[in-house]
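Colleague: Below is the file coords.cif, with mmCIF, C-alpha atoms.
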data_start
#
loop_
_atom_site.label_atom_id
_atom_site.label_comp_id
_atom_site.auth_asym_id
_atom_site.auth_seq_id
_atom_site.Cartn_x
_atom_site.Cartn_y
_atom_site.Cartn_z
CA ASN A 165 81.84 -105.12 119.54
CA ASP A 166 79.07 -103.63 117.41
CA THR A 167 79.84 -100.04 118.42
CA VAL A 168 83.50 -100.35 117.40
CA LEU A 169 82.54 -101.95 114.11
CA MET A 170 79.98 -99.23 113.39
CA SER A 171 82.37 -96.38 114.27
CA ASN A 172 85.10 -97.90 112.07
CA THR A 173 82.67 -98.19 109.17
CA ILE A 174 81.53 -94.58 109.60
CA ASN A 175 85.16 -93.42 109.88
CA ASN A 176 85.99 -95.23 106.63
CA LEU A 177 83.07 -93.51 104.94
CA GLY A 178 84.48 -90.19 106.11
CA ALA A 179 87.85 -91.04 104.57
CA LEU A 180 86.19 -92.13 101.32
CA TYR A 181 84.22 -88.91 100.97
CA GLY A 182 87.30 -86.90 101.92
CA TYR A 183 89.39 -88.42 99.15
CA LYS A 184 86.52 -87.87 96.72
CA GLY A 185 86.49 -84.19 97.70
CA ASP A 186 83.04 -84.14 99.28
CA MET A 187 84.22 -82.37 102.40
CA ASP A 188 80.80 -81.75 103.95
CA MET A 189 79.94 -85.46 103.90
CA ALA A 190 83.44 -86.34 105.10
CA TYR A 191 83.15 -83.97 108.04
CA ASN A 192 79.74 -85.31 109.06
CA TYR A 193 80.90 -88.93 109.00
CA PHE A 194 84.18 -88.28 110.84
CA VAL A 195 82.42 -86.32 113.59
CA GLU A 196 79.71 -88.97 113.87
CA SER A 197 82.37 -91.66 114.22
CA ALA A 198 84.29 -89.67 116.84
CA GLU A 199 81.17 -88.88 118.88
CA LEU A 200 80.07 -92.51 118.76
CA CYS A 201 83.47 -93.54 120.09
CA GLU A 202 83.35 -90.94 122.85
CA MET A 203 79.87 -92.05 123.95
CA SER A 204 81.05 -95.65 124.19
CA GLY A 205 84.20 -94.67 126.08
CA ASP A 206 86.52 -95.50 123.19
CA LEU A 207 88.76 -92.43 123.41
CA GLU A 208 91.43 -94.02 121.24
CA GLY A 209 88.91 -94.48 118.45
CA ALA A 210 87.68 -90.90 118.86
CA SER A 211 91.26 -89.64 118.65
CA GLY A 212 91.74 -91.63 115.44
CA SER A 213 88.62 -90.17 113.81
CA TYR A 214 89.52 -86.60 114.74
CA THR A 215 93.09 -87.17 113.53
CA ASN A 216 91.89 -88.50 110.17
CA LEU A 217 89.57 -85.52 109.81
CA ALA A 218 92.37 -83.05 110.58
CA ALA A 219 94.83 -84.78 108.23
CA ILE A 220 92.44 -84.62 105.29
CA PHE A 221 91.04 -81.15 106.00
CA PHE A 222 94.48 -79.55 106.42
CA ASN A 223 94.93 -80.28 102.71
CA HIS A 224 92.07 -77.90 101.95
CA VAL A 225 92.81 -74.32 103.04
CA GLU A 226 89.15 -73.36 102.81
CA HIS A 227 88.38 -75.87 105.58
CA HIS A 228 91.14 -74.64 107.89
CA ASP A 229 88.82 -73.90 110.84
CA LYS A 230 87.37 -77.42 110.88
CA ALA A 231 90.87 -78.88 110.59
CA ILE A 232 92.09 -76.86 113.58
CA GLU A 233 89.01 -77.81 115.63
CA SER A 234 89.57 -81.51 114.99
CA TYR A 235 93.33 -81.19 115.49
CA ASN A 236 92.82 -79.68 118.94
CA LYS A 237 90.31 -82.36 119.97
CA ALA A 238 92.57 -85.16 118.75
CA MET A 239 95.63 -83.64 120.42
CA GLU A 240 93.83 -83.29 123.74
CA ILE A 241 92.81 -86.95 123.74
CA SER A 242 96.20 -88.15 122.45
CA LYS A 243 98.07 -86.31 125.20
CA THR A 244 95.68 -87.70 127.82
CA LEU A 245 96.25 -91.25 126.55
CA ILE A 246 99.97 -90.57 125.93
CA GLN A 247 99.65 -91.65 122.28
CA THR A 248 103.07 -90.53 121.12
CA ASN A 249 102.77 -91.83 117.55
CA GLN A 250 99.35 -90.23 117.21
CA ILE A 251 100.77 -86.93 118.42
CA ALA A 252 103.52 -87.21 115.79
CA THR A 253 100.88 -87.85 113.12
CA LEU A 254 99.01 -84.74 114.26
CA TYR A 255 102.18 -82.63 114.15
CA SER A 256 102.80 -83.88 110.62
CA ALA A 257 99.24 -83.02 109.59
CA ARG A 258 99.64 -79.55 111.12
CA ALA A 259 102.87 -79.11 109.18
CA MET A 260 101.02 -79.94 105.97
CA GLY A 261 98.36 -77.39 106.87
CA PHE A 262 100.96 -74.66 107.32
CA ARG A 263 102.57 -75.64 104.02
CA LYS A 264 99.24 -75.27 102.22
CA GLU A 265 99.04 -71.76 103.68
CA ASN A 266 102.60 -71.01 102.48
CA LYS A 267 103.75 -70.68 106.09
CA TYR A 268 106.95 -72.63 105.54
CA LYS A 269 108.78 -71.71 108.75
CA GLU A 270 105.87 -73.00 110.85
CA SER A 271 105.61 -76.09 108.66
CA LEU A 272 109.27 -76.95 109.20
CA LYS A 273 108.84 -76.50 112.94
CA TYR A 274 106.00 -79.02 113.14
CA TYR A 275 107.75 -81.53 110.89
CA GLN A 276 110.74 -81.32 113.25
CA LEU A 277 108.45 -81.95 116.23
CA ALA A 278 107.08 -85.05 114.51
CA ILE A 279 110.58 -86.23 113.60
CA SER A 280 111.77 -85.85 117.19
CA ILE A 281 108.98 -88.13 118.42
CA GLU A 282 109.42 -90.75 115.71
CA LYS A 283 113.16 -90.88 116.43
CA ASP A 284 112.43 -91.57 120.08
CA GLU A 285 109.89 -94.22 119.07
CA ASN A 286 112.27 -95.65 116.44
CA ASP A 287 109.42 -95.58 113.92
CA LEU A 288 111.62 -95.83 110.84
CA SER A 289 108.84 -96.06 108.25
CA SER A 290 107.26 -92.83 109.52
CA LEU A 291 110.68 -91.17 109.51
CA VAL A 292 111.09 -91.97 105.81
CA SER A 293 107.86 -90.14 104.97
CA LEU A 294 108.77 -87.20 107.22
CA TYR A 295 112.24 -86.88 105.68
CA ILE A 296 110.74 -86.94 102.19
CA ASN A 297 108.31 -84.19 103.20
CA MET A 298 111.16 -82.17 104.69
CA SER A 299 113.18 -82.55 101.50
CA SER A 300 110.23 -81.40 99.41
CA LEU A 301 109.60 -78.42 101.69
CA TYR A 302 113.23 -77.32 101.62
CA LEU A 303 113.05 -77.40 97.82
CA VAL A 304 110.07 -75.04 97.94
CA VAL A 305 112.11 -72.52 99.97
CA ASN A 306 115.09 -73.09 97.64
CA LYS A 307 117.39 -74.66 100.25
CA ARG A 308 118.77 -77.45 98.11
CA LYS A 309 121.55 -78.67 100.40
CA GLU A 310 119.03 -79.29 103.16
CA ALA A 311 116.65 -80.88 100.66
CA GLU A 312 119.39 -83.25 99.49
CA LYS A 313 120.33 -84.07 103.09
CA TYR A 314 116.81 -85.20 104.00
CA ALA A 315 116.32 -87.11 100.75
CA ASN A 316 119.52 -89.06 101.47
CA LEU A 317 118.38 -89.71 105.05
CA ALA A 318 115.13 -91.11 103.67
CA ILE A 319 117.01 -93.38 101.26
CA GLU A 320 119.33 -94.63 104.01
CA ILE A 321 116.44 -95.70 106.24
CA ALA A 322 114.30 -97.05 103.38
CA LEU A 323 117.16 -99.32 102.26
CA LYS A 324 117.64 -100.48 105.84
CA LEU A 325 113.93 -101.37 105.96
CA ASN A 326 114.12 -102.96 102.49
CA SER A 327 110.74 -101.37 101.79
CA PRO A 328 110.24 -101.07 98.01
CA ASP A 329 107.62 -98.31 98.28
CA ASP A 330 109.74 -96.23 100.67
CA ILE A 331 112.87 -96.76 98.55
CA MET A 332 111.01 -95.76 95.38
CA ARG A 333 109.66 -92.55 96.95
CA SER A 334 113.03 -91.67 98.48
CA TYR A 335 114.96 -91.98 95.23
CA GLU A 336 112.26 -89.96 93.49
CA SER A 337 112.70 -87.27 96.15
CA LEU A 338 116.45 -87.15 95.59
CA ALA A 339 115.92 -87.01 91.82
CA ASP A 340 113.67 -83.98 92.29
CA VAL A 341 116.44 -82.26 94.26
CA HIS A 342 119.03 -82.89 91.54
CA GLU A 343 116.62 -81.79 88.82
CA ARG A 344 115.95 -78.49 90.63
CA SER A 345 119.72 -78.06 91.08
CA GLY A 346 120.25 -78.48 87.34
CA ASN A 347 122.20 -81.73 87.74
CA MET A 348 120.25 -83.68 85.16
CA GLY A 349 122.70 -86.61 85.08
CA LYS A 350 122.18 -87.39 88.78
CA ALA A 351 118.46 -86.66 88.45
CA LEU A 352 118.11 -89.22 85.66
CA LYS A 353 120.19 -91.77 87.59
CA ASN A 354 117.94 -91.53 90.64
CA TYR A 355 114.73 -91.48 88.61
CA LYS A 356 115.88 -94.75 87.03
CA LYS A 357 116.44 -96.23 90.49
CA SER A 358 112.97 -95.08 91.47
CA ILE A 359 111.47 -96.77 88.42
CA ILE A 360 113.33 -100.03 89.16
CA TRP A 361 111.78 -100.14 92.63
CA LYS A 362 108.39 -99.21 91.21
CA ASP A 363 108.66 -102.26 88.94
CA THR A 364 109.59 -104.34 92.00
CA ILE A 365 106.38 -103.23 93.72
CA TYR A 366 104.34 -104.10 90.62
CA ASN A 367 105.99 -107.52 90.33
CA GLN A 368 105.39 -108.30 94.00
CA ALA A 369 101.74 -107.31 93.64
CA SER A 370 101.42 -109.51 90.55
CA GLU A 371 103.00 -112.47 92.31
CA THR A 372 100.66 -112.04 95.27
CA ALA A 373 97.64 -111.85 92.99
CA MET A 374 98.81 -114.94 91.07
CA ALA A 375 99.32 -116.89 94.31
CA GLU A 376 95.84 -115.93 95.52
CA MET A 377 94.30 -116.99 92.20
CA THR A 378 96.17 -120.31 92.27
CA ALA A 379 95.07 -121.00 95.84
CA LYS A 380 91.47 -120.15 94.95
CA TYR A 381 91.57 -122.41 91.89
CA SER A 382 93.06 -125.28 93.92
CA LEU A 383 90.36 -124.91 96.58
CA GLU A 384 87.54 -124.80 94.04
CA LYS A 385 89.02 -127.81 92.25
CA LYS A 386 89.23 -129.76 95.51
CA GLU A 387 85.65 -128.85 96.43
CA LYS A 388 84.46 -129.97 92.99
CA GLU A 389 86.30 -133.28 93.31
CA ASN A 390 84.76 -133.87 96.75
CA GLU A 391 81.31 -133.11 95.32
CA ILE A 392 81.83 -135.65 92.54
CA LEU A 393 83.01 -138.28 95.05
CA LYS A 394 79.91 -137.68 97.18
CA GLN A 395 77.68 -138.06 94.11
CA ASP A 396 79.44 -141.31 93.11
CA ALA A 397 79.06 -142.65 96.64
CA ALA A 398 75.34 -141.81 96.62
CA ILE A 399 74.83 -143.60 93.29
CA SER A 400 76.69 -146.71 94.38
#
Show me, as structure tokens, the structure contained in the file I just sent.

Modeller:
Amino acid sequence: NDTVLMSNTINNLGALYGYKGDMDMAYNYFVESAELCEMSGDLEGASGSYTNLAAIFFNHVEHHDKAIESYNKAMEISKTLIQTNQIATLYSARAMGFRKENKYKESLKYYQLAISIEKDENDLSSLVSLYINMSSLYLVVNKRKEAEKYANLAIEIALKLNSPDDIMRSYESLADVHERSGNMGKALKNYKKSIIWKDTIYNQASETAMAEMTAKYSLEKKEKENEILKQDAAIS
């Protein structure tokens, strides 16, 4: 309906301003979207808006209070609606917030909470991202064995999914681990694998764009031919 469409548009504006770094505008739009959803009884939509706000604002330490406020509102709604995947997303966002504050122990705890949920939900794509984040975090605290373990877990799942983007990011994560460990040979090997999959993504995107252009050209050509036939029929 119109309310859902409007709230989605406002939420997207919030995300746009957030990525541009205009946090005041982002906050206003996210809150407006969430409140509009709540007034219309769309609690799921409200939870989504508050979650997006928290996820973006946790990346900016100076906006910690607003991030926590939105996190708590989103979590309350998500638990009421039993939105397990949304709860996992919130735990992951909270983990990122702790990492930004250099509170690594707390960050690891919340990533593990998110991982536990995604395992139960068998959300493999989300697990790849969480394992990559865990690997990166373990590198920060100089625990390279753990970092390598999670990078390999990410690769294992990404290959199972045959997801080029996930595979690319996972190999890049493992390469970072080897580079930090001083094993430049393995680092280079995995960076090369990452680049190969990056090229795969680019080629797939190019093929999709080419197919869309070809389809558009064929449609326009057909429409033009029909127009000419109509004109010929009118003349005769």

Colleague: I want to know what sits within 9 Å of A:Ala218, based on all atoms listed in the file, with residues of the same chain fewer than 6 positions away left out; could you give that as a PyMOL selection string?

Modeller: chain A and resi 228+230-235+238+254+257-258

Colleague: Can you list what the PyMOL selection byres ((chain A and resi 242-253) around 7) grabs from this structure, as a PyMOL selection string?

Modeller: chain A and resi 211+238-241+254-257+278+281-282

Colleague: For A:Val225, find every residue with an atom within 10 Å (counting all atoms listed in the file), except residues of its own chain fewer than 5 positions away, and show them as a CSV table (one decimal) with C-alpha atoms, keeping the file's coordinate frame.

Modeller:
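Output file selection04.csv is given in full below:
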chain,number,residue,atom,x,y,z
A,231,ALA,CA,90.9,-78.9,110.6
A,261,GLY,CA,98.4,-77.4,106.9
A,262,PHE,CA,101.0,-74.7,107.3
A,263,ARG,CA,102.6,-75.6,104.0
A,264,LYS,CA,99.2,-75.3,102.2
A,265,GLU,CA,99.0,-71.8,103.7

Colleague: Measure the distance from atom CA of A:Ile359 to atom CA of A:Met332 in Å and round it to one decimal.

Modeller: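 Rounded to one decimal, the two atoms are 7.0 Å apart.
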
Colleague: Counting only C-alpha atoms, which residue out of A:Ile174, A:Ala322, A:Leu277, A:Leu303 sits closest to A:Cys201?

Modeller: A:Ile174

Colleague: Might you pull out every residue within 12 Å of A:Glu312, with only C-alpha atoms counted and same-chain residues fewer than 4 positions away left off, and present them as a PDB file with C-alpha atoms, in the frame of the given file?

Modeller:
ATOM      1  CA  TYR A 295     112.240 -86.880 105.680  1.00  0.00           C
ATOM      2  CA  ILE A 296     110.740 -86.940 102.190  1.00  0.00           C
ATOM      3  CA  ASN A 297     108.310 -84.190 103.200  1.00  0.00           C
ATOM      4  CA  MET A 298     111.160 -82.170 104.690  1.00  0.00           C
ATOM      5  CA  SER A 299     113.180 -82.550 101.500  1.00  0.00           C
ATOM      6  CA  SER A 300     110.230 -81.400  99.410  1.00  0.00           C
ATOM      7  CA  LEU A 301     109.600 -78.420 101.690  1.00  0.00           C
ATOM      8  CA  TYR A 302     113.230 -77.320 101.620  1.00  0.00           C
ATOM      9  CA  LEU A 303     113.050 -77.400  97.820  1.00  0.00           C
ATOM     10  CA  ASN A 306     115.090 -73.090  97.640  1.00  0.00           C
ATOM     11  CA  LYS A 307     117.390 -74.660 100.250  1.00  0.00           C
ATOM     12  CA  ARG A 308     118.770 -77.450  98.110  1.00  0.00           C
ATOM     13  CA  ASN A 316     119.520 -89.060 101.470  1.00  0.00           C
ATOM     14  CA  LEU A 317     118.380 -89.710 105.050  1.00  0.00           C
ATOM     15  CA  ALA A 318     115.130 -91.110 103.670  1.00  0.00           C
ATOM     16  CA  ILE A 319     117.010 -93.380 101.260  1.00  0.00           C
ATOM     17  CA  SER A 334     113.030 -91.670  98.480  1.00  0.00           C
ATOM     18  CA  TYR A 335     114.960 -91.980  95.230  1.00  0.00           C
ATOM     19  CA  GLU A 336     112.260 -89.960  93.490  1.00  0.00           C
ATOM     20  CA  SER A 337     112.700 -87.270  96.150  1.00  0.00           C
ATOM     21  CA  LEU A 338     116.450 -87.150  95.590  1.00  0.00           C
ATOM     22  CA  ALA A 339     115.920 -87.010  91.820  1.00  0.00           C
ATOM     23  CA  ASP A 340     113.670 -83.980  92.290  1.00  0.00           C
ATOM     24  CA  VAL A 341     116.440 -82.260  94.260  1.00  0.00           C
ATOM     25  CA  HIS A 342     119.030 -82.890  91.540  1.00  0.00           C
ATOM     26  CA  GLU A 343     116.620 -81.790  88.820  1.00  0.00           C
ATOM     27  CA  ARG A 344     115.950 -78.490  90.630  1.00  0.00           C
ATOM     28  CA  SER A 345     119.720 -78.060  91.080  1.00  0.00           C
ATOM     29  CA  LYS A 350     122.180 -87.390  88.780  1.00  0.00           C
ATOM     30  CA  ALA A 351     118.460 -86.660  88.450  1.00  0.00           C
TER      31      ALA A 351
END

Colleague: What's the separation between atom CA of A:Asn223 and atom CA of A:Leu288, in Å to one decimal place?

Modeller: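 Computing it gives 24.2 Å between the two atoms.
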
Colleague: Taking into account all atoms listed in the file, which residue in the set A:Lys283, A:Ala210, A:Asn216, A:Gly205 is nearest to A:Leu177?

Modeller: A:Asn216

Colleague: Could you list as a ChimeraX atom specification every residue that has an atom within 12 Å of (78.2, -89.7, 113.6), using the file's coordinates and counting only C-alpha atoms?

Modeller: /A:167,170-178,189-203,210,213-214

Colleague: Ranking A:Lys324, A:Lys353, A:Leu291, A:Ser204 by minimum distance to A:Asp166 and counting only C-alpha atoms, which one comes first?

Modeller: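 Of A:Lys324, A:Lys353, A:Leu291, A:Ser204, the one nearest A:Asp166, counting only C-alpha atoms, is A:Ser204.
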